[in-house]
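Structure file protein-v3.pdb; described as PDB, C-alpha atoms.
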```pdb
ATOM      1  CA  MET A  18     -16.993   8.971 -11.631
ATOM      2  CA  LYS A  19     -20.194   9.951  -9.816
ATOM      3  CA  ASP A  20     -20.291   7.598  -6.840
ATOM      4  CA  GLY A  21     -18.289   9.424  -4.190
ATOM      5  CA  ARG A  22     -15.214  11.515  -3.570
ATOM      6  CA  LEU A  23     -11.847   9.842  -3.869
ATOM      7  CA  ARG A  24      -9.331   9.491  -1.049
ATOM      8  CA  LEU A  25      -5.690   9.155  -1.962
ATOM      9  CA  TYR A  26      -3.378   7.694   0.667
ATOM     10  CA  SER A  27      -0.060   9.232  -0.218
ATOM     11  CA  VAL A  28       3.434  10.256   0.880
ATOM     12  CA  ALA A  29       4.829  13.489  -0.534
ATOM     13  CA  THR A  30       8.216  12.079  -1.538
ATOM     14  CA  SER A  31       6.931   8.743  -2.811
ATOM     15  CA  SER A  32       7.452   8.423  -6.565
ATOM     16  CA  ALA A  33       4.539   6.018  -6.808
ATOM     17  CA  SER A  34       2.212   8.468  -5.035
ATOM     18  CA  HIS A  35       3.564  11.285  -7.202
ATOM     19  CA  ARG A  36       2.511   9.410 -10.370
ATOM     20  CA  VAL A  37      -1.055   9.092  -9.193
ATOM     21  CA  ARG A  38      -1.241  12.730  -8.109
ATOM     22  CA  ILE A  39      -0.220  13.744 -11.638
ATOM     23  CA  ALA A  40      -2.881  11.520 -13.182
ATOM     24  CA  LEU A  41      -5.560  12.900 -10.869
ATOM     25  CA  GLY A  42      -4.501  16.412 -11.812
ATOM     26  CA  LEU A  43      -4.546  15.691 -15.533
ATOM     27  CA  LYS A  44      -8.031  14.233 -15.156
ATOM     28  CA  ALA A  45      -9.084  17.222 -13.011
ATOM     29  CA  VAL A  46     -10.574  14.859 -10.432
ATOM     30  CA  PRO A  47     -10.956  16.276  -6.893
ATOM     31  CA  TYR A  48      -9.743  14.065  -4.080
ATOM     32  CA  GLU A  49      -8.970  14.028  -0.380
ATOM     33  CA  TYR A  50      -5.264  13.723   0.440
ATOM     34  CA  VAL A  51      -4.501  11.395   3.345
ATOM     35  CA  ALA A  52      -0.870  11.423   4.467
ATOM     36  CA  VAL A  53       0.429   7.978   5.420
ATOM     37  CA  PRO A  54       2.934   7.872   8.329
ATOM     38  CA  LEU A  55       5.335   5.689   6.380
ATOM     39  CA  PHE A  56       8.233   6.630   8.646
ATOM     40  CA  ALA A  57       6.338   5.668  11.818
ATOM     41  CA  GLN A  58       5.427   2.084  11.079
ATOM     42  CA  ASP A  59       4.912   1.231  14.744
ATOM     43  CA  SER A  60       2.139   3.830  15.060
ATOM     44  CA  GLU A  61      -1.581   3.140  15.342
ATOM     45  CA  GLU A  62      -2.135   5.288  12.240
ATOM     46  CA  PHE A  63       0.141   3.081  10.168
ATOM     47  CA  ALA A  64      -1.473  -0.086  11.541
ATOM     48  CA  ALA A  65      -4.815   1.277  10.353
ATOM     49  CA  TYR A  66      -3.348   1.923   6.922
ATOM     50  CA  ARG A  67      -1.898  -1.591   6.723
ATOM     51  CA  ALA A  68      -5.374  -2.931   7.443
ATOM     52  CA  LEU A  69      -6.510  -0.999   4.369
ATOM     53  CA  ASN A  70      -3.511  -2.003   2.238
ATOM     54  CA  PRO A  71      -1.816  -5.205   3.463
ATOM     55  CA  GLN A  72       1.400  -4.350   1.604
ATOM     56  CA  GLY A  73       1.771  -1.228   3.689
ATOM     57  CA  LEU A  74       2.967   0.649   0.604
ATOM     58  CA  VAL A  75       1.707   3.834  -0.991
ATOM     59  CA  PRO A  76      -0.343   4.878  -2.771
ATOM     60  CA  ALA A  77      -3.827   3.511  -2.234
ATOM     61  CA  LEU A  78      -6.979   4.983  -3.731
ATOM     62  CA  VAL A  79     -10.376   4.567  -2.087
ATOM     63  CA  HIS A  80     -13.424   5.109  -4.284
ATOM     64  CA  GLY A  81     -16.966   4.095  -3.488
ATOM     65  CA  GLY A  82     -15.812   1.704  -0.781
ATOM     66  CA  ALA A  83     -13.297  -0.038  -3.062
ATOM     67  CA  VAL A  84      -9.580   0.057  -2.310
ATOM     68  CA  ILE A  85      -7.207   0.127  -5.280
ATOM     69  CA  THR A  86      -3.475  -0.306  -4.775
ATOM     70  CA  GLN A  87      -0.388  -0.156  -7.009
ATOM     71  CA  SER A  88       0.167   3.087  -8.886
ATOM     72  CA  LEU A  89      -0.253   1.813 -12.450
ATOM     73  CA  ALA A  90      -3.443  -0.058 -11.556
ATOM     74  CA  ILE A  91      -4.790   3.146 -10.006
ATOM     75  CA  ILE A  92      -3.850   5.265 -13.030
ATOM     76  CA  GLU A  93      -5.408   2.840 -15.485
ATOM     77  CA  TYR A  94      -8.552   2.726 -13.327
ATOM     78  CA  LEU A  95      -8.722   6.511 -13.512
ATOM     79  CA  ASP A  96      -8.201   6.391 -17.256
ATOM     80  CA  GLU A  97     -11.050   3.922 -17.686
ATOM     81  CA  THR A  98     -13.488   5.759 -15.419
ATOM     82  CA  VAL A  99     -12.648   9.345 -16.421
ATOM     83  CA  ARG A 100     -12.277   9.233 -20.177
ATOM     84  CA  SER A 101     -10.972  12.736 -20.823
ATOM     85  CA  PRO A 102      -8.205  13.466 -21.340
ATOM     86  CA  PRO A 103      -7.027   9.957 -22.260
ATOM     87  CA  LEU A 104      -3.700   8.843 -20.822
ATOM     88  CA  LEU A 105      -3.244   6.001 -23.302
ATOM     89  CA  PRO A 106      -3.097   6.279 -27.107
ATOM     90  CA  ALA A 107      -5.994   5.097 -29.239
ATOM     91  CA  ASP A 108      -3.954   2.475 -31.130
ATOM     92  CA  ALA A 109      -2.744  -0.845 -29.722
ATOM     93  CA  LEU A 110       0.919  -0.306 -30.620
ATOM     94  CA  GLY A 111       0.855   3.130 -29.045
ATOM     95  CA  ARG A 112      -0.656   1.755 -25.859
ATOM     96  CA  ALA A 113       1.973  -0.978 -25.755
ATOM     97  CA  ARG A 114       4.788   1.566 -26.170
ATOM     98  CA  VAL A 115       3.422   3.832 -23.440
ATOM     99  CA  ARG A 116       3.017   0.903 -21.061
ATOM    100  CA  ALA A 117       6.561  -0.282 -21.837
ATOM    101  CA  LEU A 118       7.954   3.174 -21.074
ATOM    102  CA  ALA A 119       5.980   3.301 -17.838
ATOM    103  CA  GLN A 120       7.165  -0.169 -16.812
ATOM    104  CA  ALA A 121      10.766   0.795 -17.538
ATOM    105  CA  VAL A 122      10.410   3.198 -14.631
ATOM    106  CA  VAL A 123       7.966   1.357 -12.388
ATOM    107  CA  SER A 124       9.511  -2.106 -12.638
ATOM    108  CA  GLU A 125      13.148  -1.498 -13.556
ATOM    109  CA  ILE A 126      14.268   1.751 -11.899
ATOM    110  CA  GLN A 127      12.096   2.759  -8.964
ATOM    111  CA  PRO A 128      12.101  -0.537  -7.005
ATOM    112  CA  LEU A 129      15.915  -0.618  -6.911
ATOM    113  CA  GLN A 130      16.129   2.916  -5.508
ATOM    114  CA  ASN A 131      13.303   2.389  -3.023
ATOM    115  CA  LEU A 132      13.831   3.461   0.577
ATOM    116  CA  ARG A 133      13.163  -0.017   1.954
ATOM    117  CA  VAL A 134      15.857  -1.481  -0.331
ATOM    118  CA  GLU A 135      18.347   1.094   0.931
ATOM    119  CA  ARG A 136      17.318   0.317   4.533
ATOM    120  CA  HIS A 137      17.914  -3.389   3.959
ATOM    121  CA  LEU A 138      21.366  -2.670   2.518
ATOM    122  CA  ARG A 139      22.242  -0.729   5.648
ATOM    123  CA  THR A 140      20.555  -2.649   8.463
ATOM    124  CA  ALA A 141      20.685  -6.248   7.257
ATOM    125  CA  LEU A 142      23.761  -6.228   5.040
ATOM    126  CA  GLY A 143      25.874  -3.702   6.904
ATOM    127  CA  HIS A 144      26.474  -1.220   4.112
ATOM    128  CA  SER A 145      27.112   2.436   4.835
ATOM    129  CA  GLU A 146      24.878   5.362   3.964
ATOM    130  CA  ALA A 147      27.362   6.253   1.233
ATOM    131  CA  ASP A 148      27.042   2.738  -0.195
ATOM    132  CA  GLY A 149      23.269   3.116  -0.249
ATOM    133  CA  LEU A 150      23.514   6.407  -2.112
ATOM    134  CA  ALA A 151      25.966   4.915  -4.618
ATOM    135  CA  TRP A 152      23.558   1.988  -5.131
ATOM    136  CA  ARG A 153      20.672   4.339  -5.877
ATOM    137  CA  ARG A 154      22.679   6.482  -8.261
ATOM    138  CA  HIS A 155      24.003   3.443 -10.128
ATOM    139  CA  TRP A 156      20.582   1.941 -10.834
ATOM    140  CA  ILE A 157      18.985   5.272 -11.660
ATOM    141  CA  ASN A 158      21.735   5.935 -14.203
ATOM    142  CA  VAL A 159      21.387   2.468 -15.718
ATOM    143  CA  GLY A 160      17.618   2.832 -15.952
ATOM    144  CA  LEU A 161      17.595   6.358 -17.339
ATOM    145  CA  ALA A 162      20.181   5.438 -19.953
ATOM    146  CA  ALA A 163      17.881   2.708 -21.231
ATOM    147  CA  LEU A 164      14.854   5.002 -21.033
ATOM    148  CA  GLU A 165      16.693   7.692 -22.987
ATOM    149  CA  ARG A 166      17.329   5.208 -25.797
ATOM    150  CA  MET A 167      13.689   4.090 -25.749
ATOM    151  CA  LEU A 168      12.535   7.681 -26.034
ATOM    152  CA  GLN A 169      14.761   8.465 -28.995
ATOM    153  CA  ALA A 170      12.090   7.307 -31.412
ATOM    154  CA  SER A 171       9.652   8.914 -33.808
ATOM    155  CA  ALA A 172       6.661   8.615 -31.466
ATOM    156  CA  THR A 173       8.410  10.806 -28.892
ATOM    157  CA  ALA A 174       7.431  14.421 -29.417
ATOM    158  CA  SER A 175       6.613  17.035 -26.786
ATOM    159  CA  PHE A 176       6.002  14.222 -24.313
ATOM    160  CA  CYS A 177       6.945  10.557 -24.069
ATOM    161  CA  HIS A 178       4.470   9.590 -26.771
ATOM    162  CA  GLY A 179       3.096  12.385 -28.899
ATOM    163  CA  ASP A 180       2.131  15.907 -27.902
ATOM    164  CA  THR A 181      -0.041  15.194 -24.854
ATOM    165  CA  PRO A 182       0.882  13.560 -21.537
ATOM    166  CA  THR A 183       0.339   9.842 -21.111
ATOM    167  CA  ILE A 184       0.841   7.322 -18.345
ATOM    168  CA  ALA A 185       4.505   7.243 -19.370
ATOM    169  CA  ASP A 186       4.904  10.918 -18.451
ATOM    170  CA  CYS A 187       3.129  10.326 -15.139
ATOM    171  CA  CYS A 188       5.920   7.854 -14.370
ATOM    172  CA  LEU A 189       8.888   9.644 -15.917
ATOM    173  CA  VAL A 190       8.502  12.986 -14.122
ATOM    174  CA  PRO A 191       8.564  11.583 -10.547
ATOM    175  CA  GLN A 192      11.609   9.517 -11.498
ATOM    176  CA  VAL A 193      13.384  12.689 -12.643
ATOM    177  CA  PHE A 194      12.497  14.294  -9.294
ATOM    178  CA  ALA A 195      14.010  11.307  -7.512
ATOM    179  CA  ALA A 196      17.123  11.400  -9.692
ATOM    180  CA  ARG A 197      17.695  15.036  -8.789
ATOM    181  CA  ARG A 198      17.001  14.299  -5.138
ATOM    182  CA  TRP A 199      19.802  11.741  -5.111
ATOM    183  CA  GLY A 200      22.231  13.924  -7.049
ATOM    184  CA  VAL A 201      22.125  12.169 -10.422
ATOM    185  CA  ASP A 202      23.451  14.242 -13.332
ATOM    186  CA  LEU A 203      20.762  14.405 -16.029
ATOM    187  CA  ALA A 204      23.078  15.803 -18.725
ATOM    188  CA  PRO A 205      23.528  12.351 -20.339
ATOM    189  CA  PHE A 206      19.732  12.071 -20.688
ATOM    190  CA  PRO A 207      18.644  15.134 -22.715
ATOM    191  CA  THR A 208      15.366  13.660 -23.961
ATOM    192  CA  VAL A 209      14.321  12.624 -20.467
ATOM    193  CA  ALA A 210      15.240  16.030 -19.059
ATOM    194  CA  ALA A 211      13.475  17.943 -21.839
ATOM    195  CA  ILE A 212      10.223  16.031 -21.380
ATOM    196  CA  ALA A 213      10.320  16.585 -17.619
ATOM    197  CA  GLU A 214      10.959  20.304 -18.104
ATOM    198  CA  ARG A 215       8.078  20.584 -20.568
ATOM    199  CA  ALA A 216       5.752  18.709 -18.228
ATOM    200  CA  GLY A 217       6.715  21.109 -15.464
ATOM    201  CA  THR A 218       4.953  23.906 -17.327
ATOM    202  CA  LEU A 219       1.575  22.168 -16.858
ATOM    203  CA  GLN A 220      -0.433  22.868 -13.716
ATOM    204  CA  ALA A 221      -1.247  19.199 -13.084
ATOM    205  CA  PHE A 222       2.441  18.352 -12.871
ATOM    206  CA  ARG A 223       3.256  21.384 -10.717
ATOM    207  CA  ASP A 224       0.429  20.667  -8.273
ATOM    208  CA  ALA A 225       1.675  17.083  -7.826
ATOM    209  CA  GLU A 226       5.226  18.060  -6.851
ATOM    210  CA  PRO A 227       6.405  16.677  -3.494
ATOM    211  CA  GLN A 228       7.090  20.073  -1.952
ATOM    212  CA  ARG A 229       3.467  21.160  -2.573
ATOM    213  CA  GLN A 230       1.876  18.314  -0.582
ATOM    214  CA  PRO A 231       0.404  18.632   2.929
ATOM    215  CA  ASP A 232       3.038  16.272   4.381
ATOM    216  CA  ALA A 233       6.016  17.874   2.632
ATOM    217  CA  ARG A 234       9.135  18.022   4.765
TER     218      ARG A 234
END
```
Just give me the structure of the file as structure tokens.
Amino acid sequence: MKDGRLRLYSVATSSASHRVRIALGLKAVPYEYVAVPLFAQDSEEFAAYRALNPQGLVPALVHGGAVITQSLAIIEYLDETVRSPPLLPADALGRARVRALAQAVVSEIQPLQNLRVERHLRTALGHSEADGLAWRRHWINVGLAALERMLQASATASFCHGDTPTIADCCLVPQVFAARRWGVDLAPFPTVAAIAERAGTLQAFRDAEPQRQPDAR
């Protein structure tokens, strides 16, 4: 990755941004952090970001003039352009398992707990703030229960797949942060909790934590 410094458009509390920050840390790739004013969508700054990323979602990675969106696409791009350490296993079945674990978070848990979903429940459908919180907790519990079962397999060791972090861990750890943020009890998910705790001993995971970002609230 020799053709220019990377810029990451991020929000501290965004799980999707958190995943990419972990991957960048694991790869030891320097980057410029650009905070996106996600909570001021009528601002000129946000309009400029939407011109960069038409979805208006975070994260987005800019490298050499190219704009890459969607967290998993960004992480796989990093894995293909910065080979060490690899974030996917060498074997096809291993790669499939890691991607399935990642998608269990990215496709099945995180979208249902997303802030814009909760906003729609409240503003368009008339639900209370308490209803929105109950919604989030329900789907996080359903998703983590399934993820716990998926992880209770022989390929799970220190991390989601083996003894080094993979893309699956980049996705799992931010989801655990979100679960704690919304008051979800992790006791029923001991494998999930243990992996997140182990990951928290690594500098790349610590540096990516929401409270350590420039736009932390």
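A cut-off of 9 Å from the point (-2.5, 5.4, 2.3), with all atoms listed in the file, picks out the residues Arg24, Leu25, Tyr26, Ser27, Val28, Tyr50, Val51, Ala52, Val53, Pro54, Leu55, Phe63, Tyr66, Arg67, Leu69, Asn70, Gly73, Leu74, Val75, Pro76, Ala77 and Leu78 of chain A.
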Those same residues - C-alpha atoms - I'd like them written as a PDB file, in the frame of the given file.
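This is the output file again-v9.pdb:
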```
ATOM      1  CA  ARG A  24      -9.331   9.491  -1.049  1.00  0.00           C
ATOM      2  CA  LEU A  25      -5.690   9.155  -1.962  1.00  0.00           C
ATOM      3  CA  TYR A  26      -3.378   7.694   0.667  1.00  0.00           C
ATOM      4  CA  SER A  27      -0.060   9.232  -0.218  1.00  0.00           C
ATOM      5  CA  VAL A  28       3.434  10.256   0.880  1.00  0.00           C
ATOM      6  CA  TYR A  50      -5.264  13.723   0.440  1.00  0.00           C
ATOM      7  CA  VAL A  51      -4.501  11.395   3.345  1.00  0.00           C
ATOM      8  CA  ALA A  52      -0.870  11.423   4.467  1.00  0.00           C
ATOM      9  CA  VAL A  53       0.429   7.978   5.420  1.00  0.00           C
ATOM     10  CA  PRO A  54       2.934   7.872   8.329  1.00  0.00           C
ATOM     11  CA  LEU A  55       5.335   5.689   6.380  1.00  0.00           C
ATOM     12  CA  PHE A  63       0.141   3.081  10.168  1.00  0.00           C
ATOM     13  CA  TYR A  66      -3.348   1.923   6.922  1.00  0.00           C
ATOM     14  CA  ARG A  67      -1.898  -1.591   6.723  1.00  0.00           C
ATOM     15  CA  LEU A  69      -6.510  -0.999   4.369  1.00  0.00           C
ATOM     16  CA  ASN A  70      -3.511  -2.003   2.238  1.00  0.00           C
ATOM     17  CA  GLY A  73       1.771  -1.228   3.689  1.00  0.00           C
ATOM     18  CA  LEU A  74       2.967   0.649   0.604  1.00  0.00           C
ATOM     19  CA  VAL A  75       1.707   3.834  -0.991  1.00  0.00           C
ATOM     20  CA  PRO A  76      -0.343   4.878  -2.771  1.00  0.00           C
ATOM     21  CA  ALA A  77      -3.827   3.511  -2.234  1.00  0.00           C
ATOM     22  CA  LEU A  78      -6.979   4.983  -3.731  1.00  0.00           C
TER      23      LEU A  78
END
```
Pick from A:Val37, A:Ile212, A:Ala172, A:Arg198 nearest to Gln228 of chain A, counting all atoms listed in the file: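 Distance minimum relative to Gln228 of chain A lands on A:Arg198.
In this comparison, which uses only C-alpha atoms, the residue of A:Ala211, A:Leu168, A:Leu150, A:Ala40 approaching Arg114 of chain A most closely is A:Leu168.
If only C-alpha atoms are the atoms counted, then among A:Trp156, A:Trp199, A:Phe56, A:Phe194 the closest residue to Ala121 of chain A is A:Trp156.
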Who sits within 6 Å of Gln130 of chain A, all atoms listed in the file, same chain under 2 positions skipped, as a ChimeraX atom specification: /A:127-128,153
Answer key for the PyMOL selection byres ((chain A and resi 154) around 10), residues as an MDAnalysis selection string: chainID A and resid 129:130 148:153 155:160 195:197 199:202
Counting all atoms listed in the file, the residue of A:Arg215, A:Arg229, A:Arg166, A:His178 that sits nearest Val115 of chain A: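 Among the listed residues, the smallest separation from Val115 of chain A belongs to A:His178.
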Point (-15.1, 9.2, -1.1), cut-off 6 Å, counting all atoms listed in the file, residues as an mmCIF file with C-alpha atoms, in the frame of the given file:
```
data_model
loop_
_atom_site.group_PDB
_atom_site.id
_atom_site.type_symbol
_atom_site.label_atom_id
_atom_site.label_comp_id
_atom_site.auth_asym_id
_atom_site.auth_seq_id
_atom_site.Cartn_x
_atom_site.Cartn_y
_atom_site.Cartn_z
ATOM 1 C CA GLY A 21 -18.289 9.424 -4.190
ATOM 2 C CA ARG A 22 -15.214 11.515 -3.570
ATOM 3 C CA LEU A 23 -11.847 9.842 -3.869
ATOM 4 C CA ARG A 24 -9.331 9.491 -1.049
ATOM 5 C CA HIS A 80 -13.424 5.109 -4.284
ATOM 6 C CA GLY A 81 -16.966 4.095 -3.488
#
```
Can you list every residue of segment 80-131 of chain A that has an atom at most 10 Å from segment 162-165 of chain A, with its nearest atom pair and the distance in Å to one decimal, using only C-alpha atoms, ordered by chain then number, as JSON lines?
```
{"residue": "A:Ala117", "atom": "CA", "partner": "A:Leu164", "partner_atom": "CA", "distance": 9.9}
{"residue": "A:Leu118", "atom": "CA", "partner": "A:Leu164", "partner_atom": "CA", "distance": 7.1}
{"residue": "A:Ala119", "atom": "CA", "partner": "A:Leu164", "partner_atom": "CA", "distance": 9.6}
{"residue": "A:Ala121", "atom": "CA", "partner": "A:Leu164", "partner_atom": "CA", "distance": 6.8}
{"residue": "A:Val122", "atom": "CA", "partner": "A:Leu164", "partner_atom": "CA", "distance": 8.0}
{"residue": "A:Glu125", "atom": "CA", "partner": "A:Ala163", "partner_atom": "CA", "distance": 9.9}
{"residue": "A:Ile126", "atom": "CA", "partner": "A:Leu164", "partner_atom": "CA", "distance": 9.7}
```
Distance of atom CA of Ala221 of chain A from atom CA of Tyr48 of chain A, expressed in Å to one decimal place: 13.4 Å
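In this model, the gap between atom CA of Gln120 of chain A and atom CA of Leu89 of chain A comes to 8.8 Å.
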Nearest-residue call for Ala107 of chain A, choices A:Thr208, A:Thr183, A:Thr30, A:Ser88, using all atoms listed in the file: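 Closest candidate: A:Thr183.
Proximity of A:Ala216, A:His35, A:Ser145, A:Ile91 to Asp180 of chain A, computed with only C-alpha atoms, is greatest for A:Ala216.
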Selection near Leu219 of chain A, 10 Å with only C-alpha atoms, sequence-local residues under 3 positions removed, as a list in words: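 Answer for this query is Gly42, Leu43, Pro182, Glu214, Arg215, Ala216, Phe222, Arg223 and Asp224 of chain A.
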Once you add 5 Å to each side, what are the centre and edge lengths of the axis-aligned box holding all listed atoms of segment 226-229 of chain A? One decimal in Å, as lines of an AutoDock Vina configuration file, if you can.
```
center_x = 5.3
center_y = 18.9
center_z = -4.4
size_x = 13.6
size_y = 14.5
size_z = 14.9
```
Residues within 10 Å of Ala213 of chain A, all atoms listed in the file, excluding chain neighbours under 4 positions, as a VMD selection string: chain A and resid 175 to 177 186 to 187 189 to 194 207 to 209 217 to 218 222
